[in-house]
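As provided, my_file-v3.cif (mmCIF, C-alpha atoms (C1' of nucleotides) and all ligand atoms) reads as follows.
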data_work
#
loop_
_atom_site.label_atom_id
_atom_site.label_comp_id
_atom_site.auth_asym_id
_atom_site.auth_seq_id
_atom_site.Cartn_x
_atom_site.Cartn_y
_atom_site.Cartn_z
CA MET A 11 85.83 107.18 77.76
CA GLY A 12 85.74 103.61 78.87
CA VAL A 13 86.78 100.20 77.73
CA ILE A 14 84.99 99.31 74.57
CA ARG A 15 86.88 96.35 73.21
CA LYS A 16 87.68 93.17 75.11
CA THR A 17 91.28 92.89 74.04
CA LYS A 18 93.92 90.50 75.25
CA ALA A 19 95.53 93.18 77.42
CA VAL A 20 92.26 94.14 79.09
CA GLU A 21 91.50 90.51 79.76
CA VAL A 22 94.90 89.74 81.25
CA LEU A 23 94.96 92.83 83.45
CA LEU A 24 91.44 92.28 84.70
CA LYS A 25 92.34 88.73 85.64
CA GLU A 26 95.40 90.04 87.46
CA PHE A 27 93.23 92.19 89.70
CA ASN A 28 90.49 89.66 90.13
CA SER A 29 92.73 86.85 91.31
CA SER A 30 93.58 88.69 94.52
CA SER A 31 92.53 91.84 96.25
CA VAL A 32 95.90 93.42 96.91
CA ALA A 33 97.01 96.49 95.03
CA ILE A 34 99.49 96.21 92.17
CA SER A 35 101.82 98.91 90.96
CA ALA A 36 101.97 99.86 87.30
CA LYS A 37 105.69 99.30 87.60
CA ALA A 38 105.24 95.70 88.75
CA LEU A 39 102.71 94.95 86.02
CA ILE A 40 105.02 96.31 83.36
CA GLU A 41 107.86 94.18 84.62
CA GLN A 42 105.74 91.08 85.02
CA LEU A 43 104.11 91.35 81.59
CA ARG A 44 107.17 92.69 79.81
CA ASP A 45 107.21 89.82 77.30
CA THR A 46 103.51 90.04 76.58
CA PHE A 47 102.59 93.72 76.39
CA ASN A 48 104.25 97.01 75.78
CA LYS A 49 104.37 99.32 78.80
CA THR A 50 102.40 101.98 76.92
CA THR A 51 99.57 99.53 76.51
CA ILE A 52 99.58 98.67 80.18
CA TYR A 53 99.51 102.31 81.22
CA ARG A 54 96.68 102.99 78.81
CA VAL A 55 94.56 100.01 79.84
CA LEU A 56 94.99 100.87 83.52
CA ASP A 57 93.91 104.42 82.75
CA LYS A 58 90.79 103.21 81.04
CA LEU A 59 89.88 100.72 83.71
CA GLU A 60 90.14 103.56 86.19
CA ASP A 61 87.93 105.80 84.06
CA ASP A 62 85.45 102.95 83.98
CA GLY A 63 85.30 102.71 87.76
CA ILE A 64 86.74 99.21 87.72
CA LEU A 65 90.07 100.17 89.29
CA HIS A 66 91.19 103.06 91.44
CA SER A 67 94.70 104.42 91.74
CA PHE A 68 96.82 106.07 94.40
CA LEU A 69 100.44 106.90 95.09
CA GLY A 70 102.59 104.61 97.18
CA LYS A 71 105.71 105.14 99.22
CA GLU A 72 108.05 106.53 96.60
CA GLY A 73 105.33 108.38 94.72
CA ILE A 74 104.73 105.55 92.26
CA LYS A 75 101.31 104.59 91.03
CA TRP A 76 99.32 101.67 92.44
CA TYR A 77 96.03 100.24 91.32
CA ALA A 78 93.38 98.19 93.09
CA LYS A 79 89.88 96.96 92.44
CA CYS A 80 87.00 99.31 93.07
CA ASN A 81 83.95 98.42 95.10
CA GLY A 82 80.80 99.85 93.66
CA CYS A 83 82.21 102.62 91.51
CA THR A 84 81.03 103.57 88.04
CA SER A 85 82.49 105.63 85.24
CA THR A 86 80.51 108.60 86.53
CA GLU A 87 81.02 108.14 90.24
CA HIS A 88 84.25 107.28 92.01
CA ASN A 89 83.23 107.06 95.64
CA ASP A 90 85.79 104.57 96.78
CA VAL A 91 88.01 106.73 98.98
CA HIS A 92 89.87 104.96 101.75
CA PRO A 93 93.32 104.67 103.33
CA HIS A 94 96.00 102.35 102.02
CA PHE A 95 98.60 100.31 103.79
CA GLN A 96 102.09 99.57 102.57
CA CYS A 97 104.26 97.01 104.30
CA LEU A 98 107.78 98.29 104.89
CA ASN A 99 109.05 94.73 105.05
CA CYS A 100 107.59 92.93 102.04
CA GLY A 101 106.33 95.91 100.04
CA ARG A 102 102.78 94.64 99.78
CA VAL A 103 100.07 97.27 99.50
CA ASP A 104 96.37 96.97 100.19
CA CYS A 105 93.20 98.91 100.75
CA LEU A 106 91.89 99.57 104.25
CA SER A 107 88.17 99.54 104.70
CA PHE A 108 87.80 102.02 107.52
CA THR A 109 87.33 105.75 107.17
CA VAL A 110 89.34 108.30 109.08
CA PRO A 111 87.32 111.14 110.57
CA LEU A 112 89.08 114.43 110.00
CA PRO A 113 88.60 117.47 112.19
CA GLN A 114 87.05 120.48 110.53
CA ILE A 115 89.67 123.03 109.59
CA PRO A 116 88.46 126.60 109.95
CA ASN A 117 88.24 128.52 106.69
CA ARG A 118 89.29 125.60 104.56
CA LYS A 119 87.30 123.29 102.42
CA ILE A 120 88.44 119.69 102.34
CA GLU A 121 87.84 118.03 99.01
CA VAL A 122 90.06 114.96 98.88
CA MET A 123 92.41 113.25 101.24
CA GLN A 124 94.93 110.55 100.73
CA LEU A 125 96.25 108.54 103.60
CA LEU A 126 99.08 106.06 103.29
CA ILE A 127 99.90 104.07 106.37
CA GLN A 128 103.19 102.23 106.51
CA GLY A 129 104.31 99.48 108.79
CA ARG A 130 104.17 95.69 109.00
CA CYS A 131 101.45 93.72 107.32
CA GLU A 132 99.72 90.62 108.74
CA GLU A 133 102.29 88.37 107.11
CA CYS A 134 105.29 90.30 108.37
CA PHE A 135 103.91 91.12 111.79
CA VAL A 136 106.00 89.52 114.53
CA MET B 23 125.93 113.37 107.97
CA GLY B 24 124.84 116.91 108.51
CA VAL B 25 125.61 120.38 107.31
CA ILE B 26 129.14 121.26 108.16
CA ARG B 27 129.96 124.33 106.07
CA LYS B 28 127.96 127.53 105.93
CA THR B 29 127.96 127.93 102.19
CA LYS B 30 126.05 130.39 100.06
CA ALA B 31 123.52 127.74 99.03
CA VAL B 32 122.82 126.68 102.60
CA GLU B 33 122.40 130.29 103.63
CA VAL B 34 120.01 131.14 100.80
CA LEU B 35 117.87 128.03 101.26
CA LEU B 36 117.65 128.48 105.01
CA LYS B 37 116.51 132.06 104.51
CA GLU B 38 113.90 130.82 102.05
CA PHE B 39 112.36 128.58 104.68
CA ASN B 40 112.70 131.05 107.51
CA SER B 41 110.96 133.90 105.74
CA SER B 42 107.64 132.06 105.79
CA SER B 43 106.24 128.86 107.17
CA VAL B 44 104.66 127.37 104.07
CA ALA B 45 106.17 124.35 102.38
CA ILE B 46 108.23 124.75 99.23
CA SER B 47 108.75 122.12 96.57
CA ALA B 48 112.22 121.20 95.39
CA LYS B 49 110.92 121.88 91.90
CA ALA B 50 109.94 125.45 92.76
CA LEU B 51 113.26 126.14 94.47
CA ILE B 52 115.18 124.88 91.47
CA GLU B 53 113.19 127.08 89.14
CA GLN B 54 113.39 130.10 91.41
CA LEU B 55 117.13 129.81 92.02
CA ARG B 56 118.02 128.59 88.55
CA ASP B 57 120.41 131.48 87.90
CA THR B 58 122.11 131.14 91.24
CA PHE B 59 122.55 127.43 91.95
CA ASN B 60 122.67 124.19 90.08
CA LYS B 61 119.73 121.87 90.74
CA THR B 62 122.08 119.16 92.03
CA THR B 63 123.27 121.53 94.71
CA ILE B 64 119.73 122.35 95.75
CA TYR B 65 118.74 118.70 96.00
CA ARG B 66 121.86 117.97 98.03
CA VAL B 67 121.44 120.86 100.42
CA LEU B 68 117.78 120.00 101.00
CA ASP B 69 118.81 116.42 101.72
CA LYS B 70 121.33 117.56 104.27
CA LEU B 71 119.00 120.00 105.96
CA GLU B 72 116.57 117.15 106.32
CA ASP B 73 119.22 114.86 107.79
CA ASP B 74 119.99 117.65 110.23
CA GLY B 75 116.40 117.85 111.44
CA ILE B 76 116.03 121.39 110.13
CA LEU B 77 113.61 120.52 107.35
CA HIS B 78 111.23 117.64 106.78
CA SER B 79 109.96 116.39 103.44
CA PHE B 80 106.83 114.78 102.09
CA LEU B 81 105.19 114.05 98.77
CA GLY B 82 102.58 116.39 97.34
CA LYS B 83 99.81 115.96 94.84
CA GLU B 84 101.66 114.58 91.84
CA GLY B 85 104.20 112.72 93.92
CA ILE B 86 106.68 115.58 93.91
CA LYS B 87 108.82 116.43 96.88
CA TRP B 88 108.03 119.26 99.26
CA TYR B 89 110.02 120.60 102.18
CA ALA B 90 109.04 122.56 105.28
CA LYS B 91 110.65 123.70 108.51
CA CYS B 92 110.81 121.25 111.37
CA ASN B 93 109.73 122.03 114.88
CA GLY B 94 111.99 120.55 117.47
CA CYS B 95 113.67 117.83 115.46
CA THR B 96 117.31 116.88 115.59
CA SER B 97 119.59 114.87 113.36
CA THR B 98 118.91 111.83 115.52
CA GLU B 99 115.21 112.29 116.08
CA HIS B 100 112.63 113.23 113.48
CA ASN B 101 109.43 113.36 115.49
CA ASP B 102 107.60 115.94 113.43
CA VAL B 103 104.89 113.84 111.83
CA HIS B 104 101.70 115.62 110.83
CA PRO B 105 99.24 115.99 107.97
CA HIS B 106 99.76 118.38 105.08
CA PHE B 107 97.34 120.46 103.13
CA GLN B 108 97.56 121.31 99.46
CA CYS B 109 95.26 123.89 97.94
CA LEU B 110 93.75 122.70 94.67
CA ASN B 111 93.21 126.28 93.60
CA CYS B 112 96.49 128.09 94.25
CA GLY B 113 98.77 125.11 94.82
CA ARG B 114 99.98 126.31 98.21
CA VAL B 115 101.03 123.59 100.64
CA ASP B 116 101.39 123.79 104.39
CA CYS B 117 101.73 121.76 107.55
CA LEU B 118 98.73 121.03 109.73
CA SER B 119 99.32 120.97 113.43
CA PHE B 120 96.71 118.44 114.50
CA THR B 121 97.22 114.72 114.78
CA VAL B 122 94.88 112.17 113.31
CA PRO B 123 93.98 109.29 115.62
CA LEU B 124 94.15 106.03 113.69
CA PRO B 125 92.24 102.94 114.70
CA GLN B 126 94.31 99.94 115.67
CA ILE B 127 94.56 97.44 112.86
CA PRO B 128 94.62 93.85 114.05
CA ASN B 129 97.88 92.02 113.36
CA ARG B 130 99.54 95.02 111.83
CA LYS B 131 102.10 97.39 113.19
CA ILE B 132 101.75 100.99 112.14
CA GLU B 133 105.07 102.74 111.86
CA VAL B 134 104.55 105.83 109.73
CA MET B 135 101.62 107.51 108.12
CA GLN B 136 101.39 110.22 105.57
CA LEU B 137 98.23 112.20 105.13
CA LEU B 138 97.73 114.72 102.36
CA ILE B 139 94.52 116.69 102.47
CA GLN B 140 93.50 118.59 99.39
CA GLY B 141 90.96 121.34 99.01
CA ARG B 142 90.76 125.12 99.32
CA CYS B 143 93.11 127.05 101.56
CA GLU B 144 92.17 130.06 103.70
CA GLU B 145 93.00 132.42 100.85
CA CYS B 146 91.01 130.55 98.25
CA PHE B 147 88.10 129.62 100.48
CA VAL B 148 84.89 131.23 99.24
"C1'" DA C 13 149.41 131.24 103.53
"C1'" DA C 14 149.18 126.33 102.79
"C1'" DT C 15 146.43 122.37 103.30
"C1'" DA C 16 142.55 119.17 103.47
"C1'" DT C 17 138.30 118.12 101.98
"C1'" DA C 18 133.21 119.41 101.86
"C1'" DA C 19 130.46 121.39 98.61
"C1'" DC C 20 129.78 122.76 93.93
"C1'" DG C 21 128.74 122.68 88.68
"C1'" DC C 22 128.21 120.10 84.90
"C1'" DA C 23 127.04 116.42 81.99
"C1'" DA C 24 125.32 112.20 81.76
"C1'" DC C 25 122.20 109.13 83.55
"C1'" DC C 26 117.93 106.78 85.75
"C1'" DT C 27 112.98 105.97 86.51
"C1'" DT C 28 108.26 106.58 85.95
"C1'" DG C 29 105.18 107.93 82.90
"C1'" DT C 30 103.42 110.23 78.25
"C1'" DT C 31 102.87 111.26 73.12
"C1'" DG C 32 102.71 110.70 67.94
"C1'" DC C 33 102.22 107.80 64.48
"C1'" DA C 34 102.09 103.78 61.63
"C1'" DT C 35 100.26 99.05 62.11
"C1'" DT C 36 97.13 95.49 63.94
"C1'" DA C 37 93.11 93.47 65.60
"C1'" DA C 38 88.27 93.92 67.53
"C1'" DC C 39 83.79 94.81 66.48
"C1'" DT C 40 79.94 95.96 62.93
"C1'" DA C 41 77.17 95.12 59.40
"C1'" DA C 42 76.72 93.74 54.61
"C1'" DT D 6 82.06 85.20 56.15
"C1'" DT D 7 84.07 88.81 54.66
"C1'" DA D 8 85.13 93.54 54.12
"C1'" DG D 9 85.28 97.97 56.35
"C1'" DT D 10 85.83 100.96 60.38
"C1'" DT D 11 88.39 102.56 63.96
"C1'" DA D 12 89.91 101.41 68.80
"C1'" DA D 13 93.86 99.48 70.59
"C1'" DT D 14 98.67 98.33 70.15
"C1'" DG D 15 103.91 98.61 69.60
"C1'" DC D 16 107.61 101.30 68.98
"C1'" DA D 17 110.55 105.08 69.37
"C1'" DA D 18 111.13 109.32 71.08
"C1'" DC D 19 110.24 112.37 74.68
"C1'" DA D 20 109.30 114.66 79.46
"C1'" DA D 21 109.74 115.56 84.31
"C1'" DG D 22 111.70 114.80 88.61
"C1'" DG D 23 115.50 113.25 90.60
"C1'" DT D 24 120.47 110.98 91.10
"C1'" DT D 25 125.51 109.98 90.20
"C1'" DG D 26 130.49 110.55 88.99
"C1'" DC D 27 133.98 113.43 88.63
"C1'" DG D 28 136.92 117.35 88.14
"C1'" DT D 29 136.98 122.10 90.15
"C1'" DT D 30 136.08 125.58 93.78
"C1'" DA D 31 135.62 127.43 98.25
"C1'" DT D 32 135.35 126.85 103.21
"C1'" DA D 33 137.33 125.71 107.46
"C1'" DT D 34 141.60 124.46 109.94
"C1'" DT D 35 146.52 124.78 110.84
MN MN E 201 92.20 101.19 97.54
MN MN E 202 105.10 119.49 107.57
ZN ZN E 203 104.56 92.52 104.65
ZN ZN E 204 94.79 128.37 97.84
#
So that I can check it, write out the structure of this file as structure tokens.
Amino acid sequence: MGVIRKTKAVEVLLKEFNSSSVAISAKALIEQLRDTFNKTTIYRVLDKLEDDGILHSFLGKEGIKWYAKCNGCTSTEHNDVHPHFQCLNCGRVDCLSFTVPLPQIPNRKIEVMQLLIQGRCEECFV
Amino acid sequence: MGVIRKTKAVEVLLKEFNSSSVAISAKALIEQLRDTFNKTTIYRVLDKLEDDGILHSFLGKEGIKWYAKCNGCTSTEHNDVHPHFQCLNCGRVDCLSFTVPLPQIPNRKIEVMQLLIQGRCEECFV
DNA sequence: AATATAACGCAACCTTGTTGCATTAACTAA
DNA sequence: TTAGTTAATGCAACAAGGTTGCGTTATATT
């Protein structure tokens, strides 16, 4: 797969993610671009951008899907695994750049891990 | 809130969680008890048992809700926060007893964290 | 046994996300 | 530059997980 045509939707969504580095939920994009694009289109473009290694996705607080820019991923290699932070006050979500060392678990093989930290972001921190 | 009446549904669900210590998804319970209870009832009882500090819930792989027994929680204090493990082979989910030390993040306050580790469980480990 | 009301079943609904299909618009090459 | 090819789009309908309102049932209390 992969994005092959530079369509209006691809262009607009790419710009959305390039203008800031915070994560954006599919839900928010659909709402925000409701008058411009159909939700199906948005879901499909996000899918493709993820396949391309341009965006990565993860599940936020209520199990809804968020997307953020990738750093150095390709369509063949998605090696951009890191924790995410969701602010319980303003809702903002972003990527955290550190890695969390996990203890070995006997007789289990760890393949993926997803860590969502919740609390107060820099803006909402008192 | 809290469970006030010992009904059939409460009894059956409690037994379900007491007979083993693995987590069970609401989805699985609804399917399994489809001929006995309405799904609304199951959702409501699970909710209540959680409020009571008897069960805790978390989101699994596809963002669906899982429940497991609590250890030493009450209706006023839910202090049973720990990682969960979901087997990518057999689908089994369980609670992990270790705690993951998180680095301090400057200017942010960490309140909750949810960690889902995926891989191969003891049974499916080769 | 009579009462009060928590819990239940059912149908209808909500939200997030997906699918099939006819139409439109990018890209390709004449 | 235009015609042809087909990826991408819009729309409507659907799916899964979960919630809500309301009339009925069953548990606990007297
Ligand atoms: Mn990220
Ligand atoms: Mn647990
Ligand atoms: Zn914030
Ligand atoms: Zn397994």
Item to complete: Neighbourhood query: residues within 12 Å of (99.8, 101.6, 66.6), file coordinates, counting all atoms listed in the file; return as a ChimeraX atom specification.
Response: /A:48,50-51 /C:32-37 /D:11-17
Show me which residues sit within 12 Å of ligand ZN 203 (chain E) when counting all atoms listed in the file, and put them as a ChimeraX atom specification. /A:32,95-104,128-136 /B:129-132
### Message
Neighbours of ligand MN 202 (chain E) at 8 Å or closer, counting all atoms listed in the file: which residues, as a ChimeraX atom specification?
### Response
/B:45,78-80,89-92,102-106,116-118
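If you count all atoms listed in the file and ignore residues fewer than 2 places along the chain from DA8 in chain D, what sits within 10 Å of it is C:DA41, C:DA42, D:DT6, D:DT10.
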Atom pair CA of Lys49 in chain B + C1' of DC19 in chain D, distance 19.7 Å
Dump as a list in words the residues of chain D that approach chain B to within 8 Å, counting only C-alpha atoms (C1' of nucleotides).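 Residues satisfying the distance criterion: DG22, DT32 and DA33 of chain D.
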Superposition of chain A onto chain B by least squares over all sequentially paired C-alpha atoms; the transformed chain is requested as a PDB file with C-alpha atoms, keeping the file's coordinate frame.
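Okay, out-v1.pdb is ready:
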ATOM      1  CA  MET A  11     125.923 113.558 108.048  1.00  0.00           C
ATOM      2  CA  GLY A  12     124.868 117.112 108.536  1.00  0.00           C
ATOM      3  CA  VAL A  13     125.661 120.559 107.311  1.00  0.00           C
ATOM      4  CA  ILE A  14     129.190 121.440 108.178  1.00  0.00           C
ATOM      5  CA  ARG A  15     129.961 124.460 106.063  1.00  0.00           C
ATOM      6  CA  LYS A  16     127.901 127.637 105.905  1.00  0.00           C
ATOM      7  CA  THR A  17     127.930 128.016 102.158  1.00  0.00           C
ATOM      8  CA  LYS A  18     126.026 130.455 100.020  1.00  0.00           C
ATOM      9  CA  ALA A  19     123.505 127.791  99.005  1.00  0.00           C
ATOM     10  CA  VAL A  20     122.811 126.734 102.583  1.00  0.00           C
ATOM     11  CA  GLU A  21     122.364 130.337 103.594  1.00  0.00           C
ATOM     12  CA  VAL A  22     119.987 131.172 100.762  1.00  0.00           C
ATOM     13  CA  LEU A  23     117.869 128.060 101.233  1.00  0.00           C
ATOM     14  CA  LEU A  24     117.642 128.511 104.974  1.00  0.00           C
ATOM     15  CA  LYS A  25     116.475 132.072 104.464  1.00  0.00           C
ATOM     16  CA  GLU A  26     113.883 130.816 101.994  1.00  0.00           C
ATOM     17  CA  PHE A  27     112.341 128.589 104.643  1.00  0.00           C
ATOM     18  CA  ASN A  28     112.678 131.048 107.460  1.00  0.00           C
ATOM     19  CA  SER A  29     110.912 133.898 105.709  1.00  0.00           C
ATOM     20  CA  SER A  30     107.599 132.043 105.734  1.00  0.00           C
ATOM     21  CA  SER A  31     106.241 128.850 107.139  1.00  0.00           C
ATOM     22  CA  VAL A  32     104.678 127.345 104.044  1.00  0.00           C
ATOM     23  CA  ALA A  33     106.189 124.323 102.376  1.00  0.00           C
ATOM     24  CA  ILE A  34     108.248 124.695  99.209  1.00  0.00           C
ATOM     25  CA  SER A  35     108.775 122.065  96.565  1.00  0.00           C
ATOM     26  CA  ALA A  36     112.253 121.160  95.382  1.00  0.00           C
ATOM     27  CA  LYS A  37     110.932 121.806  91.907  1.00  0.00           C
ATOM     28  CA  ALA A  38     109.937 125.381  92.752  1.00  0.00           C
ATOM     29  CA  LEU A  39     113.259 126.100  94.445  1.00  0.00           C
ATOM     30  CA  ILE A  40     115.179 124.826  91.454  1.00  0.00           C
ATOM     31  CA  GLU A  41     113.173 127.009  89.131  1.00  0.00           C
ATOM     32  CA  GLN A  42     113.364 130.053  91.360  1.00  0.00           C
ATOM     33  CA  LEU A  43     117.113 129.781  91.968  1.00  0.00           C
ATOM     34  CA  ARG A  44     117.980 128.535  88.500  1.00  0.00           C
ATOM     35  CA  ASP A  45     120.369 131.433  87.842  1.00  0.00           C
ATOM     36  CA  THR A  46     122.087 131.132  91.190  1.00  0.00           C
ATOM     37  CA  PHE A  47     122.540 127.433  91.924  1.00  0.00           C
ATOM     38  CA  ASN A  48     122.678 124.191  90.075  1.00  0.00           C
ATOM     39  CA  LYS A  49     119.753 121.851  90.735  1.00  0.00           C
ATOM     40  CA  THR A  50     122.115 119.165  92.037  1.00  0.00           C
ATOM     41  CA  THR A  51     123.284 121.551  94.706  1.00  0.00           C
ATOM     42  CA  ILE A  52     119.752 122.370  95.736  1.00  0.00           C
ATOM     43  CA  TYR A  53     118.787 118.718  95.995  1.00  0.00           C
ATOM     44  CA  ARG A  54     121.890 117.997  98.028  1.00  0.00           C
ATOM     45  CA  VAL A  55     121.476 120.913 100.428  1.00  0.00           C
ATOM     46  CA  LEU A  56     117.825 120.023 101.012  1.00  0.00           C
ATOM     47  CA  ASP A  57     118.878 116.457 101.743  1.00  0.00           C
ATOM     48  CA  LYS A  58     121.381 117.610 104.297  1.00  0.00           C
ATOM     49  CA  LEU A  59     119.058 120.048 105.977  1.00  0.00           C
ATOM     50  CA  GLU A  60     116.615 117.188 106.340  1.00  0.00           C
ATOM     51  CA  ASP A  61     119.283 114.919 107.813  1.00  0.00           C
ATOM     52  CA  ASP A  62     120.036 117.709 110.248  1.00  0.00           C
ATOM     53  CA  GLY A  63     116.445 117.903 111.446  1.00  0.00           C
ATOM     54  CA  ILE A  64     116.070 121.437 110.143  1.00  0.00           C
ATOM     55  CA  LEU A  65     113.642 120.540 107.355  1.00  0.00           C
ATOM     56  CA  HIS A  66     111.278 117.655 106.799  1.00  0.00           C
ATOM     57  CA  SER A  67     110.021 116.377 103.475  1.00  0.00           C
ATOM     58  CA  PHE A  68     106.884 114.749 102.133  1.00  0.00           C
ATOM     59  CA  LEU A  69     105.221 113.999  98.825  1.00  0.00           C
ATOM     60  CA  GLY A  70     102.608 116.317  97.399  1.00  0.00           C
ATOM     61  CA  LYS A  71      99.785 115.840  94.954  1.00  0.00           C
ATOM     62  CA  GLU A  72     101.659 114.536  91.944  1.00  0.00           C
ATOM     63  CA  GLY A  73     104.226 112.642  93.987  1.00  0.00           C
ATOM     64  CA  ILE A  74     106.745 115.483  93.956  1.00  0.00           C
ATOM     65  CA  LYS A  75     108.871 116.374  96.925  1.00  0.00           C
ATOM     66  CA  TRP A  76     108.057 119.229  99.304  1.00  0.00           C
ATOM     67  CA  TYR A  77     110.040 120.592 102.191  1.00  0.00           C
ATOM     68  CA  ALA A  78     109.066 122.558 105.281  1.00  0.00           C
ATOM     69  CA  LYS A  79     110.656 123.710 108.494  1.00  0.00           C
ATOM     70  CA  CYS A  80     110.859 121.284 111.373  1.00  0.00           C
ATOM     71  CA  ASN A  81     109.750 122.078 114.889  1.00  0.00           C
ATOM     72  CA  GLY A  82     112.013 120.588 117.478  1.00  0.00           C
ATOM     73  CA  CYS A  83     113.699 117.877 115.455  1.00  0.00           C
ATOM     74  CA  THR A  84     117.363 116.937 115.602  1.00  0.00           C
ATOM     75  CA  SER A  85     119.657 114.944 113.370  1.00  0.00           C
ATOM     76  CA  THR A  86     118.978 111.913 115.551  1.00  0.00           C
ATOM     77  CA  GLU A  87     115.270 112.344 116.101  1.00  0.00           C
ATOM     78  CA  HIS A  88     112.671 113.262 113.512  1.00  0.00           C
ATOM     79  CA  ASN A  89     109.465 113.418 115.503  1.00  0.00           C
ATOM     80  CA  ASP A  90     107.650 115.956 113.426  1.00  0.00           C
ATOM     81  CA  VAL A  91     104.929 113.826 111.846  1.00  0.00           C
ATOM     82  CA  HIS A  92     101.745 115.610 110.874  1.00  0.00           C
ATOM     83  CA  PRO A  93      99.270 115.965 108.005  1.00  0.00           C
ATOM     84  CA  HIS A  94      99.776 118.364 105.129  1.00  0.00           C
ATOM     85  CA  PHE A  95      97.346 120.446 103.176  1.00  0.00           C
ATOM     86  CA  GLN A  96      97.548 121.284  99.505  1.00  0.00           C
ATOM     87  CA  CYS A  97      95.274 123.876  97.968  1.00  0.00           C
ATOM     88  CA  LEU A  98      93.736 122.675  94.717  1.00  0.00           C
ATOM     89  CA  ASN A  99      93.216 126.262  93.635  1.00  0.00           C
ATOM     90  CA  CYS A 100      96.506 128.060  94.250  1.00  0.00           C
ATOM     91  CA  GLY A 101      98.789 125.073  94.828  1.00  0.00           C
ATOM     92  CA  ARG A 102     100.018 126.259  98.199  1.00  0.00           C
ATOM     93  CA  VAL A 103     101.049 123.568 100.655  1.00  0.00           C
ATOM     94  CA  ASP A 104     101.410 123.771 104.408  1.00  0.00           C
ATOM     95  CA  CYS A 105     101.759 121.749 107.557  1.00  0.00           C
ATOM     96  CA  LEU A 106      98.762 121.019 109.768  1.00  0.00           C
ATOM     97  CA  SER A 107      99.361 120.954 113.466  1.00  0.00           C
ATOM     98  CA  PHE A 108      96.764 118.435 114.538  1.00  0.00           C
ATOM     99  CA  THR A 109      97.245 114.699 114.794  1.00  0.00           C
ATOM    100  CA  VAL A 110      94.863 112.177 113.326  1.00  0.00           C
ATOM    101  CA  PRO A 111      94.003 109.273 115.605  1.00  0.00           C
ATOM    102  CA  LEU A 112      94.075 106.033 113.670  1.00  0.00           C
ATOM    103  CA  PRO A 113      92.116 102.958 114.658  1.00  0.00           C
ATOM    104  CA  GLN A 114      94.153  99.930 115.608  1.00  0.00           C
ATOM    105  CA  ILE A 115      94.339  97.454 112.764  1.00  0.00           C
ATOM    106  CA  PRO A 116      94.343  93.852 113.932  1.00  0.00           C
ATOM    107  CA  ASN A 117      97.544  91.964 113.189  1.00  0.00           C
ATOM    108  CA  ARG A 118      99.288  94.932 111.667  1.00  0.00           C
ATOM    109  CA  LYS A 119     101.886  97.217 113.046  1.00  0.00           C
ATOM    110  CA  ILE A 120     101.633 100.844 112.024  1.00  0.00           C
ATOM    111  CA  GLU A 121     104.992 102.525 111.721  1.00  0.00           C
ATOM    112  CA  VAL A 122     104.489 105.649 109.633  1.00  0.00           C
ATOM    113  CA  MET A 123     101.564 107.389 108.075  1.00  0.00           C
ATOM    114  CA  GLN A 124     101.344 110.155 105.584  1.00  0.00           C
ATOM    115  CA  LEU A 125      98.213 112.164 105.164  1.00  0.00           C
ATOM    116  CA  LEU A 126      97.716 114.715 102.425  1.00  0.00           C
ATOM    117  CA  ILE A 127      94.522 116.690 102.544  1.00  0.00           C
ATOM    118  CA  GLN A 128      93.468 118.607  99.471  1.00  0.00           C
ATOM    119  CA  GLY A 129      90.956 121.358  99.099  1.00  0.00           C
ATOM    120  CA  ARG A 130      90.778 125.141  99.391  1.00  0.00           C
ATOM    121  CA  CYS A 131      93.139 127.064 101.590  1.00  0.00           C
ATOM    122  CA  GLU A 132      92.242 130.105 103.726  1.00  0.00           C
ATOM    123  CA  GLU A 133      93.087 132.434 100.865  1.00  0.00           C
ATOM    124  CA  CYS A 134      91.052 130.563  98.282  1.00  0.00           C
ATOM    125  CA  PHE A 135      88.152 129.673 100.534  1.00  0.00           C
ATOM    126  CA  VAL A 136      84.933 131.292  99.328  1.00  0.00           C
TER     127      VAL A 136
END
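One finds CA of Gly63 in chain A at 17.4 Å from CA of Val22 in chain A.
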Interface residues on chain C facing chain A, 10 Å, only C-alpha atoms (C1' of nucleotides), written as JSON, numbers by chain
{"C": [27, 28, 29, 30, 37, 38, 39]}
Include C-alpha atoms (C1' of nucleotides) and write out the residues we just selected as a PDB file, in the frame of the given file.
ATOM      1  C1'  DT C  27     112.980 105.970  86.510  1.00  0.00           C
ATOM      2  C1'  DT C  28     108.260 106.580  85.950  1.00  0.00           C
ATOM      3  C1'  DG C  29     105.180 107.930  82.900  1.00  0.00           C
ATOM      4  C1'  DT C  30     103.420 110.230  78.250  1.00  0.00           C
ATOM      5  C1'  DA C  37      93.110  93.470  65.600  1.00  0.00           C
ATOM      6  C1'  DA C  38      88.270  93.920  67.530  1.00  0.00           C
ATOM      7  C1'  DC C  39      83.790  94.810  66.480  1.00  0.00           C
TER       8       DC C  39
END
As a check of understanding: the span from C1' of DG9 in chain D to CA of Asp57 in chain A is 28.5 Å
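If you count all atoms listed in the file and draw a sphere of 8 Å around (142.3, 121.1, 107.8), the protein and nucleic acid residues inside it come out as DT15, DA16 and DT17 of chain C; DA33, DT34 and DT35 of chain D.
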(request) Please provide the set of residues having any atom within 10 Å of His100 in chain B, restricted to all atoms listed in the file, with same-chain residues fewer than 4 positions apart removed, written as a list in words. (result) Glu72, Asp73, Asp74, Gly75, Ile76, Leu77, His78, Cys92, Asn93, Gly94, Cys95 and Thr96 of chain B
**OP:** Give the answer as one residue: which of A:Ile52, A:Ile34, A:Leu43, A:Ile115 has the shortest atom-to-atom distance to ligand MN 201 (chain E), using all atoms listed in the file?
**Re:**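 Smallest separation from ligand MN 201 (chain E) among the options: A:Ile34.
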Around all of range 53-59 of chain B's listed atoms, make the axis-aligned box with 5 Å on each side and tell me centre and edge lengths in Å to one decimal, as AutoDock Vina command-line options.
--center_x 117.9 --center_y 129.3 --center_z 90.0 --size_x 19.4 --size_y 14.4 --size_z 14.1
